[in-house]
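Read through the structure below, which is laid out as structure tokens, and then see the notes.
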Amino acid sequence: MAFAPLTVLYLGPEGTWSYVAACEYTKTLIKSSTTLQPTTTIHDALSILSSSSPSSKMVAIVPTTNTTSGPVTDTLSNLPLHDNLELISTITIPIVHSLLTSSPSATAASIKVIYSKSQALKQCERSISRITPSATLHKSASTSSGISAAVKDFEETGIDAGAIGSAINVGMVKGLRVLVENFNDEDDNETTFEVYKRHDD
């Protein structure tokens, strides 16, 4: 008899730190088939789980706190809205941001705009000020969507656009490269993620 795989909801798209955490979480599951399902927002991940069928095999993994930028308000403001969710696991992963670009001739000093999620921008405040002082900052829904925005900006305008996120995206986005490794301000930058399932009374 075939069993349905466990669906793991996470803030997408592929390449976000939530994606990395989801991949790490699946490694802890013994003899369990899993499917990773990205969502556009943390709100969506929790809402989809909360409204799922009681018999569905589904969990959501969401970031709750970071050692540099503090609580993740997107998560903490949405969790109280769903009283049928139960915490089942936590996972903490190191967050090593890179400054990324798809502009082949860009240098760190030539970057004029940087896209990323607000938490990532906060975790790199000093590096941004020191290494890319002329860059304008734009907040995105996730680090990966920020990368997409930077790539699009360069393609459409030719501007040296950058993004802050995981270096794993280099293998996922054509033409993307790392300008600066270890771009976060603190070497011990970590984020704790919590895994929730639906509970039924």
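Residue numbering restarts at 1 for every chain of the structure tokens, chains are lettered A, B, ... in their displayed order, and ligands are numbered from 1 as they appear.
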Near-Ser110 (chain A) list (7 Å; only C-alpha atoms; drop same-chain fewer than 3 positions) as an mmCIF file with N, CA, C and O atoms, in the first residue's frame:
data_model
loop_
_atom_site.group_PDB
_atom_site.id
_atom_site.type_symbol
_atom_site.label_atom_id
_atom_site.label_comp_id
_atom_site.auth_asym_id
_atom_site.auth_seq_id
_atom_site.Cartn_x
_atom_site.Cartn_y
_atom_site.Cartn_z
ATOM 1 N N ALA A 106 29.941 43.852 -12.269
ATOM 2 C CA ALA A 106 29.725 44.568 -11.005
ATOM 3 C C ALA A 106 30.803 44.260 -9.983
ATOM 4 O O ALA A 106 31.342 43.145 -9.925
ATOM 5 N N THR A 107 31.136 45.257 -9.191
ATOM 6 C CA THR A 107 31.947 45.085 -7.992
ATOM 7 C C THR A 107 31.077 45.455 -6.805
ATOM 8 O O THR A 107 29.997 46.039 -6.977
ATOM 9 N N ASP A 160 23.748 47.910 -11.797
ATOM 10 C CA ASP A 160 24.402 46.902 -10.972
ATOM 11 C C ASP A 160 23.560 46.674 -9.720
ATOM 12 O O ASP A 160 23.659 47.411 -8.731
#
With a distance cut-off of 7 Å and only C-alpha atoms, select the neighbouring residues of Leu87 (chain A), excluding the residue or stretch itself and same-chain residues fewer than 3 positions from it, and output the selection as a list in words.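 Everything that qualifies: Glu194, Val195, Tyr196 and Lys197 of chain A.
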Selected residues written out, N, CA and C atoms, as a short mmCIF file (atom, residue, chain, number, x, y, z; two decimals), in the first residue's frame:
data_model
loop_
_atom_site.label_atom_id
_atom_site.label_comp_id
_atom_site.auth_asym_id
_atom_site.auth_seq_id
_atom_site.Cartn_x
_atom_site.Cartn_y
_atom_site.Cartn_z
N GLU A 194 10.70 26.81 13.78
CA GLU A 194 9.78 25.90 14.46
C GLU A 194 8.92 25.17 13.45
N VAL A 195 8.65 23.91 13.75
CA VAL A 195 7.84 23.07 12.88
C VAL A 195 6.50 22.81 13.55
N TYR A 196 5.43 23.08 12.81
CA TYR A 196 4.08 22.92 13.34
C TYR A 196 3.28 21.91 12.53
N LYS A 197 2.40 21.22 13.23
CA LYS A 197 1.40 20.38 12.58
C LYS A 197 0.04 20.80 13.07
#
How many Å lie between CA of Ile91 (chain A) and CA of Val72 (chain A), rounded to one decimal?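 Taking CA of Ile91 (chain A) and CA of Val72 (chain A), their separation equals 14.8 Å.
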Minimum-distance residue to Tyr10 (chain A), chosen among A:Thr75, A:Asn184, A:Thr28, A:Ser105 (using only C-alpha atoms):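 Smallest separation from Tyr10 (chain A) among the options: A:Thr75.
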What lies within 6 Å of region 12-26 of chain A using only C-alpha atoms, ignoring chain neighbours under 5 positions off, as a list of chain:residue names? A:Pro38, A:Thr39, A:Thr40, A:Thr143, A:Ser144, A:Asn169
Save the residues we just selected, C-alpha atoms, as an mmCIF file, in the first residue's frame?
data_model
loop_
_atom_site.group_PDB
_atom_site.id
_atom_site.type_symbol
_atom_site.label_atom_id
_atom_site.label_comp_id
_atom_site.auth_asym_id
_atom_site.auth_seq_id
_atom_site.Cartn_x
_atom_site.Cartn_y
_atom_site.Cartn_z
ATOM 1 C CA PRO A 38 6.829 26.763 -1.109
ATOM 2 C CA THR A 39 4.447 29.521 -0.110
ATOM 3 C CA THR A 40 4.560 33.225 -0.907
ATOM 4 C CA THR A 143 15.617 36.449 0.155
ATOM 5 C CA SER A 144 14.976 34.412 -2.997
ATOM 6 C CA ASN A 169 21.074 30.243 -5.195
#
Distance of CA of Ile42 (chain A) from CA of Asn78 (chain A), expressed in Å to one decimal place: 8.0 Å
Looking at A:Arg126, A:Lys174, A:His82, A:Lys57, which one is nearest to His43 (chain A), with distances taken over only C-alpha atoms?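 Closest to His43 (chain A), using only C-alpha atoms: A:His82.
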What residues in chain A get the DSSP label helix (DSSP H, G or I)? Please answer as a ChimeraX atom specification. /A:17-27,42-50,73-81,108-110,118-123,125-131,143-157,167-171
Mind checking which residues fall within 12 Å of region 129-139 of chain A, counting only C-alpha atoms, ignoring those fewer than 4 positions away in the same chain, and posting them as a compact mmCIF listing (two decimals) with N, CA, C and O atoms, in the first residue's frame?
# COMPACT_ATOMS: atom_id res chain seq x y z
N LEU A 99 26.51 38.48 -0.63
CA LEU A 99 26.05 39.54 -1.54
C LEU A 99 26.14 38.97 -2.94
O LEU A 99 27.21 38.58 -3.40
N ALA A 106 29.94 43.85 -12.27
CA ALA A 106 29.72 44.57 -11.01
C ALA A 106 30.80 44.26 -9.98
O ALA A 106 31.34 43.15 -9.93
N THR A 107 31.14 45.26 -9.19
CA THR A 107 31.95 45.08 -7.99
C THR A 107 31.08 45.45 -6.81
O THR A 107 30.00 46.04 -6.98
N ALA A 108 31.53 45.13 -5.61
CA ALA A 108 30.74 45.48 -4.43
C ALA A 108 30.50 46.98 -4.36
O ALA A 108 29.40 47.44 -4.04
N ALA A 109 31.52 47.76 -4.70
CA ALA A 109 31.41 49.22 -4.63
C ALA A 109 30.48 49.80 -5.68
O ALA A 109 29.95 50.90 -5.50
N SER A 110 30.26 49.06 -6.78
CA SER A 110 29.42 49.59 -7.86
C SER A 110 27.94 49.25 -7.70
O SER A 110 27.11 49.73 -8.46
N ILE A 111 27.60 48.42 -6.70
CA ILE A 111 26.21 48.03 -6.49
C ILE A 111 25.38 49.25 -6.09
O ILE A 111 25.71 49.95 -5.13
N LYS A 112 24.32 49.51 -6.85
CA LYS A 112 23.48 50.69 -6.62
C LYS A 112 22.19 50.38 -5.88
O LYS A 112 21.56 51.27 -5.32
N VAL A 113 21.78 49.13 -5.90
CA VAL A 113 20.54 48.75 -5.23
C VAL A 113 20.70 47.34 -4.69
O VAL A 113 21.34 46.49 -5.33
N ILE A 114 20.15 47.09 -3.51
CA ILE A 114 20.20 45.76 -2.90
C ILE A 114 18.79 45.35 -2.48
O ILE A 114 18.08 46.11 -1.83
N TYR A 115 18.42 44.14 -2.88
CA TYR A 115 17.12 43.58 -2.55
C TYR A 115 17.29 42.44 -1.54
O TYR A 115 18.19 41.62 -1.68
N SER A 116 16.40 42.37 -0.56
CA SER A 116 16.36 41.21 0.33
C SER A 116 15.22 41.36 1.31
O SER A 116 14.60 42.42 1.41
N LYS A 117 14.97 40.30 2.06
CA LYS A 117 13.97 40.33 3.13
C LYS A 117 14.47 41.25 4.24
O LYS A 117 15.67 41.38 4.46
N SER A 118 13.56 41.88 4.95
CA SER A 118 13.93 42.88 5.95
C SER A 118 14.88 42.33 7.01
O SER A 118 15.82 43.02 7.43
N GLN A 119 14.67 41.07 7.43
CA GLN A 119 15.55 40.49 8.45
C GLN A 119 16.97 40.34 7.93
O GLN A 119 17.94 40.58 8.66
N ALA A 120 17.11 39.96 6.66
CA ALA A 120 18.45 39.79 6.08
C ALA A 120 19.15 41.14 5.97
O ALA A 120 20.35 41.26 6.23
N LEU A 121 18.41 42.17 5.58
CA LEU A 121 18.99 43.51 5.49
C LEU A 121 19.48 43.97 6.87
O LEU A 121 20.56 44.56 6.99
N LYS A 122 18.70 43.68 7.90
CA LYS A 122 19.08 44.07 9.25
C LYS A 122 20.31 43.31 9.72
O LYS A 122 21.19 43.88 10.41
N GLN A 123 20.41 42.05 9.35
CA GLN A 123 21.55 41.22 9.75
C GLN A 123 22.84 41.63 9.05
O GLN A 123 23.93 41.20 9.44
N CYS A 124 22.74 42.47 8.03
CA CYS A 124 23.91 42.90 7.24
C CYS A 124 24.09 44.41 7.24
O CYS A 124 24.78 44.95 6.37
N GLU A 125 23.50 45.09 8.20
CA GLU A 125 23.50 46.56 8.20
C GLU A 125 24.91 47.15 8.12
O GLU A 125 25.18 48.06 7.32
N THR A 143 14.30 36.23 0.75
CA THR A 143 15.62 36.45 0.15
C THR A 143 15.65 36.01 -1.31
O THR A 143 16.25 36.67 -2.15
N SER A 144 14.97 34.91 -1.61
CA SER A 144 14.98 34.41 -3.00
C SER A 144 14.19 35.32 -3.93
O SER A 144 14.60 35.53 -5.08
N SER A 145 13.07 35.86 -3.48
CA SER A 145 12.34 36.79 -4.33
C SER A 145 13.13 38.08 -4.51
O SER A 145 13.04 38.74 -5.55
N GLY A 146 13.96 38.43 -3.53
CA GLY A 146 14.85 39.57 -3.68
C GLY A 146 15.90 39.33 -4.76
O GLY A 146 16.24 40.23 -5.53
N ILE A 147 16.39 38.11 -4.81
CA ILE A 147 17.34 37.74 -5.87
C ILE A 147 16.69 37.86 -7.24
O ILE A 147 17.28 38.41 -8.18
N ALA A 149 14.26 39.79 -8.05
CA ALA A 149 14.08 41.21 -8.34
C ALA A 149 15.38 41.85 -8.80
O ALA A 149 15.38 42.69 -9.72
N ALA A 150 16.49 41.48 -8.19
CA ALA A 150 17.79 42.04 -8.58
C ALA A 150 18.17 41.61 -9.99
O ALA A 150 18.68 42.41 -10.78
N ASP A 153 16.02 43.53 -12.38
CA ASP A 153 16.44 44.93 -12.42
C ASP A 153 17.64 45.09 -13.35
O ASP A 153 17.69 46.01 -14.18
N ILE A 159 21.41 48.27 -14.50
CA ILE A 159 21.99 48.75 -13.25
C ILE A 159 22.66 47.60 -12.51
O ILE A 159 22.24 46.44 -12.61
N ASP A 160 23.75 47.91 -11.80
CA ASP A 160 24.40 46.90 -10.97
C ASP A 160 23.56 46.67 -9.72
O ASP A 160 23.66 47.41 -8.73
N ALA A 161 22.71 45.67 -9.79
CA ALA A 161 21.79 45.35 -8.71
C ALA A 161 22.30 44.13 -7.95
O ALA A 161 22.81 43.18 -8.54
N GLY A 162 22.14 44.18 -6.63
CA GLY A 162 22.58 43.07 -5.80
C GLY A 162 21.44 42.54 -4.94
O GLY A 162 20.38 43.15 -4.83
N ALA A 163 21.70 41.40 -4.32
CA ALA A 163 20.73 40.80 -3.41
C ALA A 163 21.49 40.10 -2.30
O ALA A 163 22.63 39.67 -2.49
N ILE A 164 20.86 39.98 -1.15
CA ILE A 164 21.45 39.29 -0.01
C ILE A 164 20.70 37.99 0.20
O ILE A 164 19.47 37.98 0.29
N LEU A 179 29.41 38.06 -4.95
CA LEU A 179 30.32 39.20 -4.89
C LEU A 179 31.10 39.21 -3.58
O LEU A 179 32.30 39.45 -3.55
N VAL A 180 30.39 39.00 -2.48
CA VAL A 180 31.01 39.01 -1.15
C VAL A 180 30.44 37.86 -0.33
O VAL A 180 29.22 37.75 -0.17
N GLU A 181 31.32 37.01 0.16
CA GLU A 181 30.90 35.94 1.06
C GLU A 181 30.85 36.46 2.50
O GLU A 181 31.46 37.48 2.81
N PHE A 183 28.64 37.98 4.32
CA PHE A 183 28.23 39.39 4.30
C PHE A 183 27.52 39.81 5.57
O PHE A 183 27.37 41.00 5.83
N ASN A 184 27.06 38.83 6.39
CA ASN A 184 26.35 39.19 7.61
C ASN A 184 27.32 39.82 8.62
O ASN A 184 28.53 39.55 8.62
N ASP A 185 26.78 40.66 9.50
CA ASP A 185 27.61 41.40 10.45
C ASP A 185 28.22 40.51 11.52
O ASP A 185 29.35 40.74 11.96
Please compute the CA of Thr7 (chain A)-CA of Val59 (chain A) distance, one decimal, in Å. 6.3 Å
